[in-house]
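Beneath this line is the structure, given in structure tokens, with notes to follow.
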Amino acid sequence: MLHGYFYRAAGEGLRPTLVMHNGFDGAAEELHFFGAVGGQERGYHVLTFDGPGQPAAIHRDGLIFRPDWENVISPVLTFLTQQPGVDPARIALLGGYLAPRAAAHERRLAAVIALDGVFDAVSALTAHLPLPHDEVVRRAAAEHDEELDQLIADARAQSPTLRWACDHGRYVTGTSTDRAFLAEYARYNFHDGSAEKITCPVLVCEAAADLFYSAAEEPNPRKLYQHLTAPKKLLTFTEEEGGDAHCHPGALRLAGRASSTGSTTRSDA
């Protein structure tokens, strides 16, 4: 069983619905401020929940993180479409990597919002290591690699971000070592061509100074955007808007408005 919250829009009749979940480390309760109230204000029903690996699911039931998020979203949509007032033809999904991954396999979605877009999740962590990304991914899956173990240990001693990610990652993925966590997290990517399988419209958001995915050569959101063949739009949040950090915590009302309209132009700054 998954735990969440249903925000019902005011008024009668069928309404569009926004489904929201967090990612690697966030809780459903955070989403109250990260879009749920904003969606409800704009006439959407909103369903927020914790999926496997997210706080309620792992704390209460020991459900670990999984990349095949379509197997999480499908039963959620089945539950949702049984609720009165929900228009089954107008359901959108908001997330980071997990939402577009689910949309590649779940055809009941009318739209998907990647906030922020992720193409290869583990690239945020391999960037802290003095080896090429592909080499880290290959060696992380080996039964033994003491040299890589030491490189990870040295890197996490220098980087609070990597140290936190590995400690939290071992917990949510049920792995026992940092290297095993990296190997598991390397499964969260679109290299299998699933981004091209999405058929519903996609809004990809990016933060100009994303702590994790703003690598200058090819930022993750733009790489995801490039692989999409469905109708798509890319939105960039900037320092001037206060939204240049990952998931735009400094500009929540702006991000909420942009997610519902597909534009950062606003009249209520």
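In the structure tokens, chains take the letters A, B, ... in the order shown, each chain's residues start at 1, and ligands count up from 1 in the order shown.
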What's the 9 Å shell around Val112 in chain A, counting only C-alpha atoms, without same-chain residues fewer than 4 positions away, as a PDB file with N, CA and C atoms, in the first residue's frame?
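Here's the written file around_20.pdb:
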ATOM      1  N   ILE A  91      -5.289  13.550 -17.110  1.00  0.00           N
ATOM      2  CA  ILE A  91      -4.431  13.281 -15.959  1.00  0.00           C
ATOM      3  C   ILE A  91      -2.985  13.541 -16.373  1.00  0.00           C
ATOM      4  N   ALA A  92      -2.313  14.406 -15.617  1.00  0.00           N
ATOM      5  CA  ALA A  92      -0.907  14.720 -15.870  1.00  0.00           C
ATOM      6  C   ALA A  92      -0.061  14.199 -14.721  1.00  0.00           C
ATOM      7  N   LEU A  93       1.191  13.908 -15.000  1.00  0.00           N
ATOM      8  CA  LEU A  93       2.118  13.372 -13.999  1.00  0.00           C
ATOM      9  C   LEU A  93       3.327  14.276 -13.902  1.00  0.00           C
ATOM     10  N   LEU A  94       3.730  14.596 -12.672  1.00  0.00           N
ATOM     11  CA  LEU A  94       4.889  15.454 -12.438  1.00  0.00           C
ATOM     12  C   LEU A  94       5.924  14.715 -11.613  1.00  0.00           C
ATOM     13  N   GLY A  95       7.173  14.733 -12.084  1.00  0.00           N
ATOM     14  CA  GLY A  95       8.285  14.136 -11.358  1.00  0.00           C
ATOM     15  C   GLY A  95       9.594  14.522 -12.044  1.00  0.00           C
ATOM     16  N   ALA A  99       8.878  10.216 -13.551  1.00  0.00           N
ATOM     17  CA  ALA A  99       7.633  10.533 -14.260  1.00  0.00           C
ATOM     18  C   ALA A  99       7.731  10.245 -15.754  1.00  0.00           C
ATOM     19  N   PRO A 100       8.743  10.766 -16.464  1.00  0.00           N
ATOM     20  CA  PRO A 100       8.832  10.398 -17.884  1.00  0.00           C
ATOM     21  C   PRO A 100       9.090   8.921 -18.111  1.00  0.00           C
ATOM     22  N   ALA A 103       5.747   7.473 -18.048  1.00  0.00           N
ATOM     23  CA  ALA A 103       4.978   7.892 -19.220  1.00  0.00           C
ATOM     24  C   ALA A 103       5.374   7.129 -20.471  1.00  0.00           C
ATOM     25  N   CYS A 200       2.683  11.260 -25.040  1.00  0.00           N
ATOM     26  CA  CYS A 200       1.950  12.431 -24.570  1.00  0.00           C
ATOM     27  C   CYS A 200       2.859  13.660 -24.553  1.00  0.00           C
ATOM     28  N   PRO A 201       2.313  14.876 -24.555  1.00  0.00           N
ATOM     29  CA  PRO A 201       3.141  16.083 -24.476  1.00  0.00           C
ATOM     30  C   PRO A 201       3.994  16.095 -23.205  1.00  0.00           C
ATOM     31  N   VAL A 202       5.224  16.620 -23.329  1.00  0.00           N
ATOM     32  CA  VAL A 202       6.174  16.636 -22.216  1.00  0.00           C
ATOM     33  C   VAL A 202       6.689  18.063 -22.005  1.00  0.00           C
ATOM     34  N   LEU A 203       6.630  18.522 -20.767  1.00  0.00           N
ATOM     35  CA  LEU A 203       7.278  19.766 -20.371  1.00  0.00           C
ATOM     36  C   LEU A 203       8.523  19.401 -19.585  1.00  0.00           C
ATOM     37  N   VAL A 204       9.697  19.784 -20.097  1.00  0.00           N
ATOM     38  CA  VAL A 204      10.960  19.516 -19.420  1.00  0.00           C
ATOM     39  C   VAL A 204      11.453  20.816 -18.793  1.00  0.00           C
TER      40      VAL A 204
END
Exercise for review: Go through range 39-205 of chain A and collect every residue that DSSP, computed from the backbone, puts in strand (DSSP E or B); the answer should be as a ChimeraX atom specification.
Suggested key: /A:45-50,86-95,111-114,120,189,202-205
Which residues come within 12 Å of Phe79 in chain A, counting only C-alpha atoms, excluding same-chain residues fewer than 2 positions away, as a CSV table (one decimal) with C-alpha atoms, in the first residue's frame?
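Output below, filename selection.csv:
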chain,number,residue,atom,x,y,z
A,1,MET,CA,0.0,0.0,0.0
A,2,LEU,CA,1.2,3.5,-0.8
A,4,GLY,CA,-0.6,10.0,-0.1
A,6,PHE,CA,-5.8,13.8,-2.4
A,19,VAL,CA,-0.4,13.4,-9.9
A,47,LEU,CA,-2.9,13.5,-5.9
A,72,VAL,CA,4.1,2.1,-9.5
A,73,ILE,CA,2.1,4.7,-11.6
A,74,SER,CA,-0.3,2.2,-13.2
A,75,PRO,CA,-2.0,1.1,-10.0
A,76,VAL,CA,-2.0,4.7,-8.8
A,77,LEU,CA,-3.9,5.7,-12.0
A,81,THR,CA,-9.8,7.0,-12.1
A,82,GLN,CA,-12.2,5.4,-9.6
A,83,GLN,CA,-12.5,8.7,-7.7
A,84,PRO,CA,-15.6,10.9,-8.3
A,86,VAL,CA,-11.7,12.8,-11.9
A,88,PRO,CA,-9.7,10.1,-16.9
Exercise for review: Find the spatial neighbours of range 23-36 of chain A, counting only C-alpha atoms, within a cut-off of 8 Å - ignore same-chain residues fewer than 6 positions away - and output them as JSON, numbers by chain.
Suggested key: {"A": [4, 5, 7, 46, 47, 48, 49, 50, 53, 54, 55, 56, 95, 96, 97, 98, 168, 169, 249, 252, 253, 255, 256]}
Exercise for review: Name the residues of range 5-164 of chain A that come out as alpha helix (DSSP H) in a backbone DSSP run; write them as a PyMOL selection string.
Suggested key: chain A and resi 36-41+55-61+70-80+98-103+123-126+133-140+146-158+160-164
Atoms kept (C-alpha atoms) for selection, written as a short mmCIF file (atom, residue, chain, number, x, y, z; two decimals), in the first residue's frame:
data_model
loop_
_atom_site.label_atom_id
_atom_site.label_comp_id
_atom_site.auth_asym_id
_atom_site.auth_seq_id
_atom_site.Cartn_x
_atom_site.Cartn_y
_atom_site.Cartn_z
CA ALA A 36 -0.19 20.70 -4.86
CA VAL A 37 -1.76 23.88 -3.53
CA GLY A 38 -0.91 25.72 -6.75
CA GLY A 39 -2.63 23.05 -8.81
CA GLN A 40 -5.70 23.05 -6.59
CA GLU A 41 -5.92 26.85 -6.88
CA PRO A 55 9.72 8.18 3.05
CA ALA A 56 6.36 6.64 3.95
CA ALA A 57 6.87 3.58 1.73
CA ILE A 58 10.34 2.69 2.97
CA HIS A 59 9.86 3.72 6.61
CA ARG A 60 6.54 1.94 7.06
CA ASP A 61 6.76 -0.99 4.66
CA GLU A 70 5.40 2.51 -14.62
CA ASN A 71 4.66 -0.41 -12.29
CA VAL A 72 4.11 2.15 -9.53
CA ILE A 73 2.08 4.66 -11.55
CA SER A 74 -0.27 2.16 -13.21
CA PRO A 75 -2.03 1.07 -9.99
CA VAL A 76 -2.04 4.69 -8.80
CA LEU A 77 -3.91 5.70 -11.95
CA THR A 78 -6.33 2.81 -11.55
CA PHE A 79 -7.12 4.05 -8.04
CA LEU A 80 -7.37 7.65 -9.21
CA LEU A 98 10.58 8.70 -12.67
CA ALA A 99 7.63 10.53 -14.26
CA PRO A 100 8.83 10.40 -17.88
CA ARG A 101 9.99 6.82 -17.31
CA ALA A 102 6.43 5.91 -16.31
CA ALA A 103 4.98 7.89 -19.22
CA SER A 123 25.79 11.05 -13.72
CA ALA A 124 25.26 13.47 -10.83
CA LEU A 125 27.48 11.20 -8.73
CA THR A 126 30.02 9.90 -11.22
CA HIS A 133 31.31 8.07 -16.43
CA ASP A 134 31.04 4.88 -18.49
CA GLU A 135 34.03 3.36 -16.76
CA VAL A 136 32.56 4.02 -13.30
CA VAL A 137 29.25 2.44 -14.33
CA ARG A 138 31.00 -0.63 -15.76
CA ARG A 139 33.32 -1.13 -12.81
CA ALA A 140 30.65 -0.45 -10.18
CA GLU A 146 39.09 -2.30 -4.44
CA GLU A 147 40.61 0.54 -6.45
CA LEU A 148 37.20 1.98 -7.27
CA ASP A 149 36.09 1.48 -3.67
CA GLN A 150 39.04 3.62 -2.56
CA LEU A 151 38.33 6.29 -5.18
CA ILE A 152 34.74 6.53 -3.96
CA ALA A 153 35.90 6.73 -0.34
CA ASP A 154 38.35 9.52 -1.18
CA ALA A 155 35.76 11.43 -3.19
CA ARG A 156 33.07 11.24 -0.53
CA ALA A 157 35.56 12.50 2.05
CA GLN A 158 35.93 15.64 -0.09
CA PRO A 160 29.40 16.49 1.27
CA THR A 161 27.04 16.04 -1.69
CA LEU A 162 28.50 12.66 -2.65
CA ARG A 163 28.72 11.57 0.99
CA TRP A 164 25.05 12.39 1.59
#
Review point. CA of Ile113 in chain A to CA of Ser194 in chain A: how many Å, to one decimal?
Key: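 Result for CA of Ile113 in chain A versus CA of Ser194 in chain A: 15.8 Å, one decimal.
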Practice item. May I ask which of the residues A:Thr177, A:Val122, A:Glu206, A:Thr199 is the closest one to Pro231 in chain A, counting only C-alpha atoms? Key: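 Closest candidate: A:Thr199.
Excluding Gly85 in chain A itself and any same-chain residue fewer than 4 positions from it, the protein and nucleic acid residues within 10 Å of it, counting only C-alpha atoms, are Arg8, Ala9, Gly11, Glu12, Gly13, Leu14, Arg15, Pro16, Thr17, His45, Leu80 and Thr81 of chain A.
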The selected residues should be written to file as a short mmCIF file (atom, residue, chain, number, x, y, z; two decimals), in the first residue's frame (atoms: C-alpha atoms).
data_model
loop_
_atom_site.label_atom_id
_atom_site.label_comp_id
_atom_site.auth_asym_id
_atom_site.auth_seq_id
_atom_site.Cartn_x
_atom_site.Cartn_y
_atom_site.Cartn_z
CA ARG A 8 -9.98 18.05 -4.35
CA ALA A 9 -10.60 21.14 -6.48
CA GLY A 11 -16.74 22.99 -7.75
CA GLU A 12 -18.70 20.25 -9.46
CA GLY A 13 -18.15 18.16 -12.56
CA LEU A 14 -15.13 16.40 -14.01
CA ARG A 15 -11.80 18.11 -13.40
CA PRO A 16 -8.27 17.54 -14.68
CA THR A 17 -5.94 15.92 -12.17
CA HIS A 45 -7.51 17.81 -8.36
CA LEU A 80 -7.37 7.65 -9.21
CA THR A 81 -9.77 7.04 -12.09
#
Practice item. Point out the residue among A:Ala208, A:Ala183, A:Ser176, A:Pro219 with the least atom-to-atom distance to Ala142 in chain A, counting only C-alpha atoms. Key: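 Of the candidates, the smallest distance to Ala142 in chain A is held by A:Ala183.
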Review point. What is the CA of Pro52 in chain A-CA of Tyr185 in chain A distance in Å, reported with one decimal?
Key: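 Interatomic distance, CA of Pro52 in chain A to CA of Tyr185 in chain A: 14.1 Å.
CA of His128 in chain A is positioned 26.9 Å from CA of Leu234 in chain A.
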